[in-house]
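S.K.: Pasting in a structure now, in structure tokens, and then I'll have a few things to ask.
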Amino acid sequence: MTGLFGATRTVIKGRYGLITPDGHVASNLPGWENAVCIVQISPAMGAKFCQLFITLNKDGQGRGNTGENQYFIYVVEGNGSILVDDKKHRLEAGNYAYIPPGKDIHVQGAGEGAKLLIFQKPYQAHAGAGKPQPIIGHEREVKGQPFLGNEDARLQVLLYDTLAFDMAVNIFTYQPGATLPFVETHIMEHGLLMLKGQGVYRLEGDYHPVQAGDVIWMAPYCPQWFVAMGKTPASYIYYKDVNRDPI
Ligand code: UGY
Ligand code: MN
């Protein structure tokens, strides 16, 4: 919040969007009860996936079938549980759940205030690649690897990089001063939530200061670059579409 009426850092352009928390407005989404649901990124803005941010109030829950979509759920804060394939898994901050298409799920908060980031994408099968199975994991179990040799920019790859998966979700952590090594321009689309720290994101030709809580949508071929700034590491979790023919 800038404190100045009529001002915001949010900007939505044709090829990218930066959405800051001061502008969020909740939606009522089918299946969610006692929950504040923010649709941060969606096909309505040109994306081919959805990024939701859900805060579960007392007795908060979400129930439904993933249908043709796959869901990736990351616990940003708080505790809860997820029921999938008749098995209940406890969730705490840093846990994530990947749920393939056609699965019944039931997500419940424990107490109040669990915050969930959810990526939803229609699943595109690949002949002979097999079907992805549900995954329950925790970010602390995934070692960060130096990105293109830089020890100060580490990538945690949360899903398997096999042809069965058509989406990836990674956590990128930068020490202050570390950068993406070059301005990336690629066919993959991104949805991103800043988890910690701050820095400057280049999107197309524009440079935006960003901090924890900010959301970025990058369309395919949106030139992108990041530098972490300040005294503490910066990290973000992001989605990308992968492993399928472009046409
Ligand atoms: O995976 C990626 O494309 C990643 N390096 N992009 C990004 O952090 N903006
Ligand atoms: Mn990228």
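Every chain in the structure tokens takes a letter, A first, then B, and so on in the order presented; its residues are numbered from 1, and the ligands are numbered from 1 following the presented order.
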From range 38-171 of chain A, collect each residue whose DSSP state is helix (DSSP H, G or I) and return the set as a PyMOL selection string.

M.R.: chain A and resi 43-45+139-141

S.K.: Give me, as a list of chain:residue names, all polymer residues having an atom no more than 9 Å from Tyr74 in chain A, counting only C-alpha atoms and skipping those fewer than 4 positions away in the same chain.

M.R.: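 Surrounding residues, per the criterion: A:Ala93, A:Gly94, A:Asn95, A:Tyr96, A:Ala97, A:Tyr98, A:Lys115, A:Leu116, A:Leu117, A:Ile118, A:Phe119.
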
S.K.: Find the residue from A:Gly64, A:Pro146, A:Gly31, A:Gly14 that sits nearest to Lys103 in chain A; use only C-alpha atoms when measuring.

M.R.: A:Gly64

S.K.: Can you pull out every residue with an atom within 8 Å of ligand 2? Use only C-alpha atoms and all ligand atoms and format it as a list in words.

M.R.: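 Written in the requested form, the residues are Glu184, Thr185, His186, Met188, Glu189, His190, Gln224 and Lys240 of chain A.
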
S.K.: Identify, on the basis of only C-alpha atoms, every residue whose closest approach to Pro134 in chain A does not exceed 10 Å; exclude the query and any residue fewer than 6 positions from it along the same chain; express the result as an MDAnalysis selection string.

M.R.: chainID A and resid 70:72 84:85 97:101 103

S.K.: Could you produce a table of the residues of chain A lying within 9 Å of ligand 1, with the nearest pair of atoms per residue and their separation in Å rounded to one decimal, using only C-alpha atoms and all ligand atoms, ordered by chain and increasing residue number, as a Markdown table?

M.R.:
| residue | atom | partner | partner_atom_place_in_ligand_line | distance |
| --- | --- | --- | --- | --- |
| A:Phe147 | CA | ligand 1 | 5 (N) | 8.2 |
| A:Leu155 | CA | ligand 1 | 5 (N) | 8.6 |
| A:Ala168 | CA | ligand 1 | 1 (O) | 8.5 |
| A:Val169 | CA | ligand 1 | 1 (O) | 8.7 |
| A:Asn170 | CA | ligand 1 | 1 (O) | 7.5 |
| A:Ile171 | CA | ligand 1 | 8 (O) | 8.9 |
| A:Phe172 | CA | ligand 1 | 8 (O) | 6.8 |
| A:Leu180 | CA | ligand 1 | 8 (O) | 6.8 |
| A:Pro181 | CA | ligand 1 | 5 (N) | 8.9 |
| A:Val183 | CA | ligand 1 | 9 (N) | 8.7 |
| A:Glu184 | CA | ligand 1 | 6 (N) | 6.9 |
| A:Thr185 | CA | ligand 1 | 3 (O) | 8.5 |
| A:His186 | CA | ligand 1 | 3 (O) | 7.4 |
| A:Met188 | CA | ligand 1 | 3 (O) | 7.1 |
| A:Glu189 | CA | ligand 1 | 3 (O) | 8.3 |
| A:His190 | CA | ligand 1 | 9 (N) | 7.3 |
| A:Leu192 | CA | ligand 1 | 9 (N) | 8.3 |
| A:Tyr201 | CA | ligand 1 | 9 (N) | 8.6 |
| A:Met218 | CA | ligand 1 | 9 (N) | 8.2 |
| A:Pro223 | CA | ligand 1 | 9 (N) | 8.8 |
| A:Gln224 | CA | ligand 1 | 9 (N) | 5.7 |
| A:Trp225 | CA | ligand 1 | 9 (N) | 6.2 |
| A:Phe226 | CA | ligand 1 | 9 (N) | 7.1 |
| A:Tyr236 | CA | ligand 1 | 8 (O) | 8.2 |
| A:Ile237 | CA | ligand 1 | 8 (O) | 8.8 |
| A:Tyr238 | CA | ligand 1 | 8 (O) | 7.5 |
| A:Tyr239 | CA | ligand 1 | 1 (O) | 8.3 |
| A:Lys240 | CA | ligand 1 | 1 (O) | 6.9 |

S.K.: For range 36-45 of chain A, list every protein, DNA or RNA residue within 6 Å, evaluated using only C-alpha atoms, and leave out those in the same chain fewer than 2 positions away; present the list as a PyMOL selection string.

M.R.: chain A and resi 26-27+47-55

S.K.: For the selection just defined, write its residues with C-alpha atoms to a file, as a PDB file, in the first residue's frame.

M.R.:
ATOM      1  CA  ALA A  26     -11.987 -11.372  -3.579  1.00  0.00           C
ATOM      2  CA  SER A  27     -14.168 -13.656  -5.751  1.00  0.00           C
ATOM      3  CA  ALA A  47      -2.907 -16.416 -19.485  1.00  0.00           C
ATOM      4  CA  LYS A  48      -3.371 -20.110 -20.253  1.00  0.00           C
ATOM      5  CA  PHE A  49      -3.521 -21.075 -16.550  1.00  0.00           C
ATOM      6  CA  CYS A  50      -4.900 -19.759 -13.277  1.00  0.00           C
ATOM      7  CA  GLN A  51      -3.075 -18.598 -10.177  1.00  0.00           C
ATOM      8  CA  LEU A  52      -5.266 -18.407  -7.072  1.00  0.00           C
ATOM      9  CA  PHE A  53      -4.455 -17.166  -3.590  1.00  0.00           C
ATOM     10  CA  ILE A  54      -6.762 -18.579  -0.924  1.00  0.00           C
ATOM     11  CA  THR A  55      -6.911 -17.562   2.737  1.00  0.00           C
TER      12      THR A  55
END

S.K.: For Gln211 in chain A, list every protein, DNA or RNA residue within 10 Å, evaluated using only C-alpha atoms, and leave out those in the same chain fewer than 4 positions away; present the list as a list of chain:residue names.

M.R.: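 Listed by chain and then number, they are A:Thr20, A:Leu193, A:Met194, A:Leu195, A:Lys196, A:Gly197, A:Gln198, A:Gly199, A:Val200, A:Tyr201, A:Val215, A:Ala228, A:Met229, A:Ala234, A:Ser235, A:Tyr236.
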
S.K.: Would you return as a PyMOL selection string the members of range 18-149 of chain A that DSSP assigns to strand (DSSP E) on this structure's backbone?

M.R.: chain A and resi 18-19+32-41+50-65+69-84+87-92+95-99+104-122+135-138+145-147

S.K.: Skipping near chain neighbours, those fewer than 2 positions away, what residues fall within 6 Å of Pro233 in chain A using only C-alpha atoms, listed as a list in words?

M.R.: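 With the cut-off at 6 Å, the set is Tyr174, Gln175, Pro176 and Gly197 of chain A.
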
S.K.: For the residues in the current selection, export all heavy atoms as a PDB file, in the first residue's frame.

M.R.:
ATOM      1  N   TYR A 174      17.613 -15.976  -4.324  1.00  0.00           N
ATOM      2  CA  TYR A 174      18.779 -15.180  -4.711  1.00  0.00           C
ATOM      3  C   TYR A 174      19.371 -14.504  -3.472  1.00  0.00           C
ATOM      4  O   TYR A 174      18.631 -13.895  -2.679  1.00  0.00           O
ATOM      5  CB  TYR A 174      18.367 -14.037  -5.647  1.00  0.00           C
ATOM      6  CG  TYR A 174      17.715 -14.410  -6.946  1.00  0.00           C
ATOM      7  CD1 TYR A 174      16.395 -14.862  -6.987  1.00  0.00           C
ATOM      8  CD2 TYR A 174      18.384 -14.237  -8.148  1.00  0.00           C
ATOM      9  CE1 TYR A 174      15.780 -15.162  -8.198  1.00  0.00           C
ATOM     10  CE2 TYR A 174      17.771 -14.535  -9.364  1.00  0.00           C
ATOM     11  CZ  TYR A 174      16.476 -14.997  -9.379  1.00  0.00           C
ATOM     12  OH  TYR A 174      15.861 -15.289 -10.571  1.00  0.00           O
ATOM     13  N   GLN A 175      20.695 -14.578  -3.348  1.00  0.00           N
ATOM     14  CA  GLN A 175      21.354 -13.744  -2.341  1.00  0.00           C
ATOM     15  C   GLN A 175      21.312 -12.295  -2.826  1.00  0.00           C
ATOM     16  O   GLN A 175      21.223 -12.045  -4.038  1.00  0.00           O
ATOM     17  CB  GLN A 175      22.813 -14.200  -2.154  1.00  0.00           C
ATOM     18  CG  GLN A 175      22.943 -15.615  -1.614  1.00  0.00           C
ATOM     19  CD  GLN A 175      22.167 -15.826  -0.324  1.00  0.00           C
ATOM     20  OE1 GLN A 175      22.305 -15.047   0.626  1.00  0.00           O
ATOM     21  NE2 GLN A 175      21.337 -16.861  -0.265  1.00  0.00           N
ATOM     22  N   PRO A 176      21.371 -11.325  -1.881  1.00  0.00           N
ATOM     23  CA  PRO A 176      21.344  -9.920  -2.313  1.00  0.00           C
ATOM     24  C   PRO A 176      22.412  -9.656  -3.375  1.00  0.00           C
ATOM     25  O   PRO A 176      23.555 -10.078  -3.216  1.00  0.00           O
ATOM     26  CB  PRO A 176      21.637  -9.153  -1.020  1.00  0.00           C
ATOM     27  CG  PRO A 176      21.176 -10.065   0.072  1.00  0.00           C
ATOM     28  CD  PRO A 176      21.454 -11.464  -0.415  1.00  0.00           C
ATOM     29  N   GLY A 197      11.775 -11.101   0.620  1.00  0.00           N
ATOM     30  CA  GLY A 197      12.756 -10.117   0.185  1.00  0.00           C
ATOM     31  C   GLY A 197      12.242  -9.178  -0.885  1.00  0.00           C
ATOM     32  O   GLY A 197      11.032  -9.012  -1.071  1.00  0.00           O
TER      33      GLY A 197
END
